[in-house]
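Below is one structure, written out as structure tokens, with a few remarks after it.
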Amino acid sequence: MIEIIPIKGLPIIKEGDDLGELICRASEAQGTPIRDGDIIVVTHVVVSRAEGNIVNLDEVEPSPFARTIAEEFNRDPALVEVVLREAKSIIRMGDGHIIAETRHGFICANAGVDRSNVPGERNVAPLPVDPDLSARRIRKRIMELTGREVAVIISDTHGRALRSGEINVAIGVAGINPIKDRRGEKDLFGYTLKVKRTAIADELSSAAELVIGQADEGIPAAIIRGYRYERSEDATAKQLIRPKERSLFI
């Protein structure tokens with residue numbers, strides 16, 4: 001049986017907080033201490049907050065280019081400037097939206113810069129500088145404190161080409177192979193699968209989103225328990241990025 005357990009009771013995360021320790025304490029306090037094989041999914045916003053990766057828009061001087069875009073799309077010039085700084089390239093602009101490729105290689109709205117769940121009216125949270133490293137650090141801390149073998153996923157909310165609504169996807173992983181390669185397996189009728197590679201880390205991120213953020217106090221993390229995953233010490237979320245030359249949408 002697979003369980004999705006919200007980690008409640010976490011404080012408002014601020015710079016310098018030990019996320020791994022706070023997750024362990026909150027899990028213990030609510031009667032669901034970390035177990036071997038647990039997968040801990042953490043939203044990127046609290047990771048960025050803990051790492052001090054927060055930008056006050058009042059301290060940002062927009063470039064002329066940012067001001068031009070902001071005027072055209074009725075956006076905050078300072079926010080547009082932060083998006084441009086976080087972007088490796090701009091993929092599309094239109095209808096008030098900026099779709100950008102981040103330095104990590106992710107393609108998403110506003111280069112992943114988030115205003116929700118960030119304390120301070122003029123504060124925004126860019127993506128962590130190195131989400132895989134962030135996941136490894138949290139995982140290492142949890143394992144130090146509990147002695148349990150776990151995996152950690154850093155998640156973010158992304159839209160999808162030609163699909164309405166958003167889902168959570170993995171932008172950082174540690175201790176888990178993010179893709180399950182099923183090529184060579186046979187289906188119900190004996191057909192040999194040739195292209196089946198399942199983005200496990202994305203599916204787990206979306207599963208966790210069913211309980212993350214669903215309460216007034218905010219829930220920035222969840223435990224997925226009972227799912228048997230392939231362990232990996234060197235896997236990264238970059239394995240989930242499809243090369244541009246193989247994309248039909250760019």
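Labeling convention for the structure tokens: chains A, B, ... as they appear, residues from 1 per chain, ligands from 1 in order of appearance.
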Checklist entry - If you count only C-alpha atoms, which residues fall within 9 Å of segment 175-190 of chain A, apart from same-chain ones fewer than 3 positions away, as a ChimeraX atom specification? => result /A:39,135-136,139,149-153,170,193-202,229-237,239-240
For the residues selected in the previous step, produce a file with C-alpha atoms as a PDB file, in the first residue's frame.
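Output (part-v1.pdb):
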ATOM      1  CA  ILE A  39      10.458   9.423  -0.129  1.00  0.00           C
ATOM      2  CA  ALA A 135      18.117  17.424  -2.229  1.00  0.00           C
ATOM      3  CA  ARG A 136      21.376  15.650  -1.354  1.00  0.00           C
ATOM      4  CA  ARG A 139      18.679  13.642   2.455  1.00  0.00           C
ATOM      5  CA  GLU A 149      17.539   5.107   4.159  1.00  0.00           C
ATOM      6  CA  VAL A 150      15.408   7.691   2.333  1.00  0.00           C
ATOM      7  CA  ALA A 151      15.095   9.547  -0.952  1.00  0.00           C
ATOM      8  CA  VAL A 152      14.413  13.258  -1.350  1.00  0.00           C
ATOM      9  CA  ILE A 153      12.716  15.110  -4.193  1.00  0.00           C
ATOM     10  CA  ALA A 170      10.835  17.113  -9.805  1.00  0.00           C
ATOM     11  CA  LEU A 193       7.761  -2.309 -24.770  1.00  0.00           C
ATOM     12  CA  LYS A 194      10.182  -0.252 -26.856  1.00  0.00           C
ATOM     13  CA  VAL A 195       9.845   3.354 -25.694  1.00  0.00           C
ATOM     14  CA  LYS A 196       8.367   3.132 -22.188  1.00  0.00           C
ATOM     15  CA  ARG A 197      10.359   5.263 -19.743  1.00  0.00           C
ATOM     16  CA  THR A 198       8.297   6.515 -16.804  1.00  0.00           C
ATOM     17  CA  ALA A 199       9.187   9.814 -15.091  1.00  0.00           C
ATOM     18  CA  ILE A 200       8.814   8.374 -11.598  1.00  0.00           C
ATOM     19  CA  ALA A 201      10.107  11.468  -9.811  1.00  0.00           C
ATOM     20  CA  ASP A 202       7.550  13.678 -11.567  1.00  0.00           C
ATOM     21  CA  TYR A 229      11.793   2.739  -6.071  1.00  0.00           C
ATOM     22  CA  GLU A 230      15.181   2.135  -7.646  1.00  0.00           C
ATOM     23  CA  ARG A 231      17.835   3.633  -5.411  1.00  0.00           C
ATOM     24  CA  SER A 232      20.652   5.683  -6.885  1.00  0.00           C
ATOM     25  CA  GLU A 233      23.463   7.687  -5.337  1.00  0.00           C
ATOM     26  CA  ASP A 234      24.349   9.620  -8.476  1.00  0.00           C
ATOM     27  CA  ALA A 235      21.009  10.278 -10.206  1.00  0.00           C
ATOM     28  CA  THR A 236      19.987  13.881 -10.926  1.00  0.00           C
ATOM     29  CA  ALA A 237      16.848  15.659 -12.045  1.00  0.00           C
ATOM     30  CA  GLN A 239      17.982  13.139 -16.454  1.00  0.00           C
ATOM     31  CA  LEU A 240      14.364  14.279 -16.828  1.00  0.00           C
TER      32      LEU A 240
END
Next on the checklist: If you run DSSP on the backbone here, which positions in segment 86-230 of chain A get strand (DSSP E or B)? Please write them as a PyMOL selection string.
Outcome noted: chain A and resi 87-94+97-102+107-109+114+123-125+151-160+163-174+180-181+186+192+197-198+221-225
Would you mind exporting the chosen residues as an mmCIF file, in the first residue's frame, restricted to C-alpha atoms?
data_model
loop_
_atom_site.group_PDB
_atom_site.id
_atom_site.type_symbol
_atom_site.label_atom_id
_atom_site.label_comp_id
_atom_site.auth_asym_id
_atom_site.auth_seq_id
_atom_site.Cartn_x
_atom_site.Cartn_y
_atom_site.Cartn_z
ATOM 1 C CA ALA A 87 16.549 32.787 -17.490
ATOM 2 C CA LYS A 88 19.053 31.195 -19.813
ATOM 3 C CA SER A 89 16.774 32.005 -22.727
ATOM 4 C CA ILE A 90 13.232 33.200 -23.411
ATOM 5 C CA ILE A 91 11.143 30.552 -25.174
ATOM 6 C CA ARG A 92 7.834 32.399 -25.635
ATOM 7 C CA MET A 93 6.168 35.635 -24.534
ATOM 8 C CA GLY A 94 2.503 36.384 -24.992
ATOM 9 C CA HIS A 97 3.151 35.222 -19.830
ATOM 10 C CA ILE A 98 6.890 34.651 -20.034
ATOM 11 C CA ILE A 99 8.008 31.083 -20.711
ATOM 12 C CA ALA A 100 11.724 30.730 -20.142
ATOM 13 C CA GLU A 101 14.484 28.181 -19.938
ATOM 14 C CA THR A 102 16.241 28.359 -16.588
ATOM 15 C CA ILE A 107 11.355 25.294 -19.268
ATOM 16 C CA CYS A 108 8.635 26.935 -17.224
ATOM 17 C CA ALA A 109 6.688 30.113 -16.574
ATOM 18 C CA ASP A 114 7.590 32.233 -7.433
ATOM 19 C CA ASN A 123 9.596 39.143 -1.973
ATOM 20 C CA VAL A 124 9.942 36.401 -4.589
ATOM 21 C CA ALA A 125 11.698 33.032 -4.569
ATOM 22 C CA ALA A 151 15.095 9.547 -0.952
ATOM 23 C CA VAL A 152 14.413 13.258 -1.350
ATOM 24 C CA ILE A 153 12.716 15.110 -4.193
ATOM 25 C CA ILE A 154 12.579 18.894 -4.610
ATOM 26 C CA SER A 155 9.379 19.792 -6.487
ATOM 27 C CA ASP A 156 7.999 22.760 -8.392
ATOM 28 C CA THR A 157 4.716 23.525 -10.135
ATOM 29 C CA HIS A 158 4.888 23.514 -13.932
ATOM 30 C CA GLY A 159 2.406 23.865 -16.754
ATOM 31 C CA ARG A 160 2.428 21.496 -19.736
ATOM 32 C CA ARG A 163 -2.717 20.764 -21.300
ATOM 33 C CA SER A 164 -4.741 22.940 -18.927
ATOM 34 C CA GLY A 165 -3.815 23.074 -15.272
ATOM 35 C CA GLU A 166 -0.484 22.653 -13.537
ATOM 36 C CA ILE A 167 1.227 19.687 -11.912
ATOM 37 C CA ASN A 168 4.196 19.270 -9.620
ATOM 38 C CA VAL A 169 7.407 17.992 -11.168
ATOM 39 C CA ALA A 170 10.835 17.113 -9.805
ATOM 40 C CA ILE A 171 13.597 19.707 -10.159
ATOM 41 C CA GLY A 172 16.016 18.016 -7.750
ATOM 42 C CA VAL A 173 16.461 14.418 -6.611
ATOM 43 C CA ALA A 174 18.674 12.446 -4.249
ATOM 44 C CA LYS A 180 11.992 3.903 -14.533
ATOM 45 C CA ASP A 181 13.132 2.311 -17.781
ATOM 46 C CA LYS A 186 6.195 -7.224 -21.958
ATOM 47 C CA THR A 192 7.618 -5.928 -25.934
ATOM 48 C CA ARG A 197 10.359 5.263 -19.743
ATOM 49 C CA THR A 198 8.297 6.515 -16.804
ATOM 50 C CA ALA A 221 6.545 18.741 2.430
ATOM 51 C CA ALA A 222 5.153 15.223 2.359
ATOM 52 C CA ILE A 223 6.226 11.631 2.872
ATOM 53 C CA ILE A 224 5.448 9.032 0.237
ATOM 54 C CA ARG A 225 5.562 5.656 1.936
#
Next on the checklist: DSSP on the backbone, helix (DSSP H, G or I) only: what residues of segment 3-248 of chain A does that give? Format it as a PyMOL selection string.
Outcome noted: chain A and resi 19-29+44-50+57-59+64-73+77-86+110-112+131-146+200-209+237-240+244-246
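In this structure, atom CA of Met1 of chain A sits 26.8 Å away from atom CA of Glu21 of chain A.
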Next on the checklist: Report, in Å to a single decimal, how far apart atom CA of Asp18 of chain A and atom CA of Ile5 of chain A are.
Outcome noted: 20.5 Å
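Between Phe65 of chain A and the candidates A:Arg85, A:Val47, A:Asp130, A:Phe106, the tightest atom-to-atom separation, counting only C-alpha atoms, involves A:Arg85.
Proximity ranking of A:Ala50, A:Ile34, A:Ala29, A:Val41 relative to Val211 of chain A places A:Val41 first, based on only C-alpha atoms.
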Just want the 9 Å neighbourhood of Leu79 of chain A, counted on only C-alpha atoms, with same-chain residues fewer than 2 positions away dropped. Output as a JSON list (two decimals) with C-alpha atoms, in the first residue's frame.
[["chain", "number", "residue", "atom", "x", "y", "z"],
["A", 57, "LEU", "CA", 11.64, 43.43, -5.67],
["A", 60, "VAL", "CA", 15.82, 45.40, -7.97],
["A", 62, "PRO", "CA", 14.92, 46.91, -13.86],
["A", 66, "ALA", "CA", 12.70, 44.56, -18.58],
["A", 70, "ALA", "CA", 6.72, 44.90, -18.40],
["A", 75, "ARG", "CA", 3.82, 43.22, -15.49],
["A", 76, "ASP", "CA", 5.94, 44.47, -12.60],
["A", 77, "PRO", "CA", 9.24, 45.67, -14.13],
["A", 81, "GLU", "CA", 14.02, 41.78, -14.35],
["A", 82, "VAL", "CA", 14.37, 38.92, -11.84],
["A", 83, "VAL", "CA", 12.86, 36.51, -14.38],
["A", 84, "LEU", "CA", 15.34, 37.68, -17.02],
["A", 110, "ASN", "CA", 8.69, 33.04, -15.18],
["A", 113, "VAL", "CA", 10.39, 32.61, -9.97],
["A", 124, "VAL", "CA", 9.94, 36.40, -4.59]]
Next on the checklist: So that I can see what lies close to Ile219 of chain A, please list as a PyMOL selection string the residues with an atom at most 12 Å from it, counting only C-alpha atoms and leaving out residues fewer than 2 positions away in the same chain.
Outcome noted: chain A and resi 5-13+23+26+41-43+45-46+117+208-217+221-223
Checklist entry - Which residue, A:Arg35, A:His44, A:His104, A:Arg122, has the smallest gap to Asn56 of chain A when you use only C-alpha atoms? => result A:Arg122
